[in-house]
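Q: Following this line is upload.tsv, made up of TSV, C-alpha atoms:
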chain	number	residue	atom	x	y	z
N	245	MET	CA	-18.18	39.52	-13.73
N	246	ASN	CA	-21.51	40.36	-12.16
N	247	PRO	CA	-21.63	43.07	-9.45
N	248	SER	CA	-25.23	42.11	-8.61
N	249	LEU	CA	-24.14	38.55	-7.90
N	250	LYS	CA	-21.30	39.82	-5.74
N	251	GLU	CA	-23.83	41.91	-3.82
N	252	LEU	CA	-26.12	38.86	-3.46
N	253	ILE	CA	-23.22	36.90	-1.97
N	254	ASP	CA	-22.55	39.75	0.48
N	255	VAL	CA	-26.24	39.82	1.47
N	256	ALA	CA	-26.28	36.04	1.91
N	257	SER	CA	-23.10	36.24	4.00
N	258	HIS	CA	-24.63	38.94	6.22
N	259	LEU	CA	-27.79	36.87	6.70
N	260	VAL	CA	-25.73	33.76	7.47
N	261	LYS	CA	-23.85	35.75	10.11
N	262	LYS	CA	-27.19	36.81	11.65
N	263	GLY	CA	-28.43	33.21	11.52
N	264	GLY	CA	-25.25	32.08	13.24
N	265	GLU	CA	-25.76	34.65	15.99
N	266	GLN	CA	-29.32	33.39	16.38
N	267	LEU	CA	-27.92	29.86	16.84
N	268	GLY	CA	-25.13	31.05	19.13
N	269	ILE	CA	-22.43	30.30	16.53
N	270	GLU	CA	-19.82	32.95	15.76
N	271	ASN	CA	-18.36	33.58	12.30
N	272	LEU	CA	-20.80	31.35	10.45
N	273	ASP	CA	-20.48	33.80	7.55
N	274	GLN	CA	-16.81	32.94	7.19
N	275	GLY	CA	-17.73	29.27	7.00
N	276	PHE	CA	-20.28	30.09	4.29
N	277	ARG	CA	-17.66	31.96	2.27
N	278	TYR	CA	-15.24	29.04	2.65
N	279	GLU	CA	-17.91	26.56	1.50
N	280	LEU	CA	-18.70	28.81	-1.46
N	281	LEU	CA	-14.99	28.98	-2.29
N	282	SER	CA	-14.75	25.18	-2.13
N	283	PHE	CA	-17.76	24.90	-4.44
N	284	MET	CA	-16.10	27.25	-6.92
N	285	MET	CA	-12.88	25.25	-6.82
N	286	TYR	CA	-14.85	22.04	-7.25
N	287	LEU	CA	-16.56	23.39	-10.37
N	288	SER	CA	-13.37	24.81	-11.82
N	289	ALA	CA	-11.69	21.42	-11.47
N	290	SER	CA	-14.65	19.33	-12.62
N	291	ASP	CA	-13.78	19.45	-16.31
N	292	GLY	CA	-10.20	18.32	-15.61
N	293	LYS	CA	-8.59	21.71	-16.19
N	294	ILE	CA	-8.39	24.93	-14.24
N	295	ASP	CA	-7.53	27.99	-16.25
N	296	ALA	CA	-6.64	31.59	-15.40
N	297	SER	CA	-10.13	32.89	-16.25
N	298	GLU	CA	-11.66	30.58	-13.63
N	299	ALA	CA	-9.06	31.70	-11.07
N	300	LYS	CA	-10.01	35.33	-11.82
N	301	VAL	CA	-13.70	34.58	-11.24
N	302	ILE	CA	-12.82	32.95	-7.92
N	303	GLU	CA	-10.74	35.98	-6.94
N	304	TYR	CA	-13.47	38.46	-7.93
N	305	TYR	CA	-16.17	36.79	-5.86
N	306	THR	CA	-14.08	35.69	-2.87
N	307	GLY	CA	-11.20	38.16	-2.73
N	308	ILE	CA	-8.79	35.22	-2.64
N	309	SER	CA	-6.08	35.27	-5.25
N	310	ALA	CA	-4.88	31.81	-6.23
N	311	SER	CA	-3.17	30.44	-9.30
N	312	PRO	CA	-4.72	27.54	-11.20
N	313	GLN	CA	-1.97	25.36	-9.72
N	314	ALA	CA	-2.81	26.44	-6.15
N	315	ILE	CA	-6.50	25.76	-6.78
N	316	ARG	CA	-5.69	22.33	-8.20
N	317	GLU	CA	-3.56	21.54	-5.13
N	318	HIS	CA	-6.31	22.67	-2.73
N	319	VAL	CA	-8.86	20.54	-4.59
N	320	ARG	CA	-6.58	17.51	-4.40
N	321	LYS	CA	-5.61	17.96	-0.73
N	322	ASN	CA	-9.21	18.41	0.39
N	323	ASN	CA	-10.76	15.74	-1.86
N	324	ILE	CA	-13.08	18.36	-3.32
N	325	ASN	CA	-13.30	16.87	-6.80
N	326	SER	CA	-15.14	13.74	-5.70
N	327	ASP	CA	-18.57	12.18	-5.74
N	328	GLU	CA	-18.62	12.43	-1.96
N	329	TYR	CA	-18.12	16.20	-2.15
N	330	LYS	CA	-20.84	16.84	-4.72
N	331	ASN	CA	-23.32	14.69	-2.81
N	332	THR	CA	-22.70	16.27	0.60
N	333	VAL	CA	-24.81	19.19	1.75
N	334	PRO	CA	-22.55	21.93	3.20
N	335	HIS	CA	-22.58	22.18	7.01
N	336	ILE	CA	-23.35	25.90	6.99
N	337	PHE	CA	-26.35	25.35	4.73
N	338	GLN	CA	-27.63	22.73	7.18
N	339	ALA	CA	-27.16	25.12	10.11
N	340	ILE	CA	-28.98	27.93	8.31
N	341	ILE	CA	-31.97	25.67	7.68
N	342	LYS	CA	-32.17	25.31	11.49
N	343	ALA	CA	-32.02	29.09	11.91
N	344	ASP	CA	-34.67	29.59	9.22
N	345	ASN	CA	-36.87	27.00	10.94
N	346	ASP	CA	-36.49	28.94	14.21
N	347	LEU	CA	-37.75	32.07	12.43
N	348	TYR	CA	-40.68	30.15	11.01
N	349	LYS	CA	-41.58	28.68	14.41
N	350	LYS	CA	-41.50	32.18	15.94
N	351	ILE	CA	-43.89	33.29	13.18
N	352	ILE	CA	-41.42	35.86	11.92
N	353	GLN	CA	-42.37	36.76	8.35
N	354	VAL	CA	-39.57	37.03	5.81
N	355	GLU	CA	-39.70	37.58	2.09
N	356	LYS	CA	-37.12	34.86	1.53
N	357	TYR	CA	-35.37	32.57	3.92
N	358	THR	CA	-31.59	32.72	4.09
N	359	CYS	CA	-31.27	29.18	2.73
N	360	GLU	CA	-33.19	30.24	-0.39
N	361	ILE	CA	-30.85	33.20	-0.89
N	362	MET	CA	-27.87	30.90	-0.42
N	363	ILE	CA	-29.15	28.64	-3.21
N	364	GLU	CA	-29.50	31.69	-5.48
N	365	ALA	CA	-25.87	32.56	-4.72
N	366	TYR	CA	-24.71	29.01	-5.49
N	367	ILE	CA	-26.61	29.00	-8.78
N	368	GLY	CA	-25.23	32.41	-9.76
N	369	ILE	CA	-21.67	31.39	-8.93
N	370	ALA	CA	-22.08	28.13	-10.84
N	371	ASN	CA	-23.22	29.96	-13.97
N	372	GLU	CA	-20.41	32.51	-13.73
N	373	LEU	CA	-17.74	29.90	-13.17
N	374	ILE	CA	-18.68	27.30	-15.75
N	375	ASN	CA	-18.96	30.00	-18.39
N	376	ALA	CA	-15.66	31.65	-17.42
N	377	ASP	CA	-13.54	29.61	-19.81
N	378	ARG	CA	-16.15	29.96	-22.60
N	379	SER	CA	-16.45	26.17	-22.76
N	380	VAL	CA	-19.16	24.45	-20.75
N	381	SER	CA	-18.57	20.72	-20.64
N	382	GLU	CA	-21.30	18.17	-20.03
N	383	ILE	CA	-19.58	17.08	-16.83
N	384	GLU	CA	-19.58	20.66	-15.51
N	385	ARG	CA	-23.29	21.03	-16.20
N	386	THR	CA	-24.02	17.64	-14.60
N	387	ASN	CA	-21.94	18.46	-11.52
N	388	VAL	CA	-23.77	21.78	-11.08
N	389	ASP	CA	-27.13	20.08	-11.44
N	390	VAL	CA	-26.27	17.34	-8.91
N	391	TYR	CA	-24.93	19.82	-6.35
N	392	ILE	CA	-27.77	22.35	-6.67
N	393	ASN	CA	-30.41	19.62	-6.70
N	394	ASN	CA	-28.95	18.21	-3.48
N	395	LEU	CA	-29.24	21.65	-1.86
N	396	LYS	CA	-32.83	22.02	-3.07
N	397	LYS	CA	-33.75	18.53	-1.90
N	398	TYR	CA	-32.26	19.18	1.52
N	399	LEU	CA	-34.17	22.45	1.73
N	400	ASN	CA	-37.44	20.82	0.63
N	401	ASP	CA	-36.97	17.94	3.10
N	402	ASN	CA	-35.95	20.12	6.07
N	403	LEU	CA	-37.32	23.67	5.84
N	404	LEU	CA	-40.58	23.83	7.77
N	405	ALA	CA	-41.90	26.91	5.97
N	406	PRO	CA	-43.97	26.30	2.86
N	407	ARG	CA	-42.13	26.98	-0.40
N	408	ARG	CA	-43.22	29.97	-2.47
N	409	GLU	CA	-42.00	28.85	-5.88
Let me see the file written as structure tokens.

A:
Amino acid sequence: MNPSLKELIDVASHLVKKGGEQLGIENLDQGFRYELLSFMMYLSASDGKIDASEAKVIEYYTGISASPQAIREHVRKNNINSDEYKNTVPHIFQAIIKADNDLYKKIIQVEKYTCEIMIEAYIGIANELINADRSVSEIERTNVDVYINNLKKYLNDNLLAPRRE
């Protein structure tokens, strides 16, 4: 497990909360953590099996303890392991782009926009989770790439600030 990644997630969550306040939306950070949890469950189920090591990674980064069976049931009930899920940009990410655009319009300088930090958190979580069971399948790697590329495309298409990459 990676304490720096856990700290990055906490920073992203704090910034999402601030962005939510800026937009007049309470508890946006909780929505971000839920969307991150769903993403983790999606990845853990994407290779067709959820093992205890993946459940431990989920618990470490989210604080939510769930058995592989409970994760599998949540994935099934919420249709998380689907093409629709992996091709949908999370609602909180979309909202944060609006908040980041408000900062840009107000000419408030930031080193990184919250949406960029969120993508870093998603990438870090993806790497931790798909390597948790010591077996990275092609479908897991493809699913990560599709999901992250959708986030990046949405950011590139919607963030008004120029990219610094």

Q: Excluding Leu249 (chain N) and its own-chain neighbours fewer than 5 positions away, which residues fall within 9 Å of it when counting all atoms listed in the file? Please give them as a ChimeraX atom specification.

A: /N:254,305,365,368-369

Q: So what do you get for CA of Val390 (chain N) versus CA of Ile253 (chain N), distance-wise?

A: 21.0 Å

Q: Can you tell me, as a PyMOL selection string, what residues are no more than 9 Å from Asn371 (chain N) when counting all atoms listed in the file, ignoring any on the same chain fewer than 5 positions away?

A: chain N and resi 366+376+388

Q: Set the distance at 10 Å and use all atoms listed in the file: which residues neighbour Tyr391 (chain N) once local chain neighbours fewer than 6 positions away are removed? I'd like the list as a PyMOL selection string.

A: chain N and resi 283+287+327+329-333+366-367+370+397

Q: Since we have the selection now, will you write its residues out, keeping C-alpha atoms, as a CSV table (one decimal), in the frame of the given file?

A:
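Below is the file that was written, out02.csv:
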chain,number,residue,atom,x,y,z
N,283,PHE,CA,-17.8,24.9,-4.4
N,287,LEU,CA,-16.6,23.4,-10.4
N,327,ASP,CA,-18.6,12.2,-5.7
N,329,TYR,CA,-18.1,16.2,-2.2
N,330,LYS,CA,-20.8,16.8,-4.7
N,331,ASN,CA,-23.3,14.7,-2.8
N,332,THR,CA,-22.7,16.3,0.6
N,333,VAL,CA,-24.8,19.2,1.8
N,366,TYR,CA,-24.7,29.0,-5.5
N,367,ILE,CA,-26.6,29.0,-8.8
N,370,ALA,CA,-22.1,28.1,-10.8
N,397,LYS,CA,-33.8,18.5,-1.9

Q: Nearest residue to Asp346 (chain N) out of N:Ile374, N:Ile302, N:Ser290, N:Thr358, using all atoms listed in the file?

A: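 That would be N:Thr358, the residue with the smallest distance to Asp346 (chain N).
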
Q: Write out as number ranges by chain which residues come within 12 Å of Lys321 (chain N) when counting all atoms listed in the file, dropping same-chain ones fewer than 6 positions away.

A: N: 282, 285, 314-315

Q: What's the 10 Å shell around region 264-267 of chain N, counting only C-alpha atoms, without same-chain residues fewer than 6 positions away, as a PyMOL selection string?

A: chain N and resi 258+273+336+339-340+342-344+346-347

Q: Go ahead and write the selection's residues with C-alpha atoms as a short mmCIF file (atom, residue, chain, number, x, y, z; two decimals), in the frame of the given file.

A:
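So the final result, stored in selection_30.cif, reads:
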data_model
loop_
_atom_site.label_atom_id
_atom_site.label_comp_id
_atom_site.auth_asym_id
_atom_site.auth_seq_id
_atom_site.Cartn_x
_atom_site.Cartn_y
_atom_site.Cartn_z
CA HIS N 258 -24.63 38.94 6.22
CA ASP N 273 -20.48 33.80 7.55
CA ILE N 336 -23.35 25.90 6.99
CA ALA N 339 -27.16 25.12 10.11
CA ILE N 340 -28.98 27.93 8.31
CA LYS N 342 -32.17 25.31 11.49
CA ALA N 343 -32.02 29.09 11.91
CA ASP N 344 -34.67 29.59 9.22
CA ASP N 346 -36.49 28.94 14.21
CA LEU N 347 -37.75 32.07 12.43
#

Q: How many Å separate CA of Lys349 (chain N) from CA of Gly275 (chain N)?

A: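 It comes out at 25.0 Å.
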
Q: How far is it from CA of Arg378 (chain N) to CA of Val255 (chain N), in Å with one decimal?

A: 27.9 Å

Q: Taking into account only C-alpha atoms, which residue in the set N:Lys250, N:Ile352, N:Ile324, N:Pro334 is nearest to Gly307 (chain N)?

A: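 Comparing N:Lys250, N:Ile352, N:Ile324, N:Pro334 against Gly307 (chain N), the winner is N:Lys250.
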
Q: Ranking N:Leu373, N:Pro406, N:His318, N:Val260 by minimum distance to Glu303 (chain N) and counting only C-alpha atoms, which one comes first?

A: N:Leu373

Q: Counting only C-alpha atoms, which of N:Ser309, N:Asn375, N:Ser248, N:Asn402 gets nearest to Ser288 (chain N)?

A: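 Among N:Ser309, N:Asn375, N:Ser248, N:Asn402, it is N:Asn375 that comes nearest to Ser288 (chain N).
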
Q: Would you please work out which residue, of N:Gln338, N:Ser297, N:Ser326, N:Asn271, is nearest to Tyr398 (chain N) when using only C-alpha atoms?

A: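 The answer is N:Gln338, which sits nearest to Tyr398 (chain N).
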
Q: So, counting all atoms listed in the file, which residue among N:Ser379, N:Leu395, N:Lys300, N:Ala405 is closest to Glu364 (chain N)?

A: N:Leu395

Q: Because the input lacks atoms here, generate N, CA and C atoms for region 273-302 of chain N and report them as a CSV table (one decimal), in the frame of the given file.

A:
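Output contents, as saved in out_34.csv:
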chain,number,residue,atom,x,y,z
N,273,ASP,N,-20.6,33.2,8.9
N,273,ASP,CA,-20.5,33.8,7.6
N,273,ASP,C,-19.1,33.4,6.9
N,274,GLN,N,-18.1,33.3,7.7
N,274,GLN,CA,-16.8,32.9,7.2
N,274,GLN,C,-16.8,31.5,6.7
N,275,GLY,N,-17.6,30.7,7.4
N,275,GLY,CA,-17.7,29.3,7.0
N,275,GLY,C,-18.5,29.2,5.7
N,276,PHE,N,-19.5,30.0,5.5
N,276,PHE,CA,-20.3,30.1,4.3
N,276,PHE,C,-19.4,30.5,3.1
N,277,ARG,N,-18.6,31.5,3.3
N,277,ARG,CA,-17.7,32.0,2.3
N,277,ARG,C,-16.6,30.9,1.9
N,278,TYR,N,-16.2,30.1,2.9
N,278,TYR,CA,-15.2,29.0,2.6
N,278,TYR,C,-15.9,27.9,1.9
N,279,GLU,N,-17.2,27.6,2.2
N,279,GLU,CA,-17.9,26.6,1.5
N,279,GLU,C,-18.2,27.0,0.1
N,280,LEU,N,-18.5,28.3,-0.1
N,280,LEU,CA,-18.7,28.8,-1.5
N,280,LEU,C,-17.4,28.8,-2.3
N,281,LEU,N,-16.3,29.1,-1.6
N,281,LEU,CA,-15.0,29.0,-2.3
N,281,LEU,C,-14.7,27.5,-2.7
N,282,SER,N,-15.0,26.6,-1.8
N,282,SER,CA,-14.8,25.2,-2.1
N,282,SER,C,-15.6,24.7,-3.3
N,283,PHE,N,-16.9,25.2,-3.3
N,283,PHE,CA,-17.8,24.9,-4.4
N,283,PHE,C,-17.2,25.4,-5.7
N,284,MET,N,-16.7,26.7,-5.7
N,284,MET,CA,-16.1,27.2,-6.9
N,284,MET,C,-14.9,26.5,-7.4
N,285,MET,N,-14.1,26.1,-6.5
N,285,MET,CA,-12.9,25.2,-6.8
N,285,MET,C,-13.3,23.9,-7.4
N,286,TYR,N,-14.3,23.3,-6.8
N,286,TYR,CA,-14.8,22.0,-7.2
N,286,TYR,C,-15.3,22.2,-8.7
N,287,LEU,N,-16.1,23.2,-9.0
N,287,LEU,CA,-16.6,23.4,-10.4
N,287,LEU,C,-15.4,23.7,-11.3
N,288,SER,N,-14.5,24.5,-10.9
N,288,SER,CA,-13.4,24.8,-11.8
N,288,SER,C,-12.5,23.6,-12.2
N,289,ALA,N,-12.5,22.6,-11.2
N,289,ALA,CA,-11.7,21.4,-11.5
N,289,ALA,C,-12.5,20.3,-12.1
N,290,SER,N,-13.8,20.4,-12.2
N,290,SER,CA,-14.6,19.3,-12.6
N,290,SER,C,-14.5,18.9,-14.1
N,291,ASP,N,-14.0,19.8,-14.9
N,291,ASP,CA,-13.8,19.4,-16.3
N,291,ASP,C,-12.3,19.0,-16.6
N,292,GLY,N,-11.6,18.8,-15.5
N,292,GLY,CA,-10.2,18.3,-15.6
N,292,GLY,C,-9.2,19.4,-15.8
N,293,LYS,N,-9.6,20.6,-16.0
N,293,LYS,CA,-8.6,21.7,-16.2
N,293,LYS,C,-9.1,23.0,-15.5
N,294,ILE,N,-8.1,23.7,-14.9
N,294,ILE,CA,-8.4,24.9,-14.2
N,294,ILE,C,-7.6,26.0,-15.0
N,295,ASP,N,-8.3,27.0,-15.5
N,295,ASP,CA,-7.5,28.0,-16.2
N,295,ASP,C,-7.6,29.3,-15.5
N,296,ALA,N,-6.8,30.3,-16.0
N,296,ALA,CA,-6.6,31.6,-15.4
N,296,ALA,C,-8.0,32.3,-15.3
N,297,SER,N,-8.8,32.2,-16.3
N,297,SER,CA,-10.1,32.9,-16.2
N,297,SER,C,-11.0,32.4,-15.1
N,298,GLU,N,-10.9,31.1,-14.8
N,298,GLU,CA,-11.7,30.6,-13.6
N,298,GLU,C,-11.0,31.1,-12.3
N,299,ALA,N,-9.7,31.2,-12.3
N,299,ALA,CA,-9.1,31.7,-11.1
N,299,ALA,C,-9.4,33.2,-10.9
N,300,LYS,N,-9.6,33.9,-11.9
N,300,LYS,CA,-10.0,35.3,-11.8
N,300,LYS,C,-11.4,35.5,-11.3
N,301,VAL,N,-12.3,34.6,-11.7
N,301,VAL,CA,-13.7,34.6,-11.2
N,301,VAL,C,-13.7,34.3,-9.7
N,302,ILE,N,-12.9,33.3,-9.3
N,302,ILE,CA,-12.8,33.0,-7.9
N,302,ILE,C,-12.3,34.1,-7.1
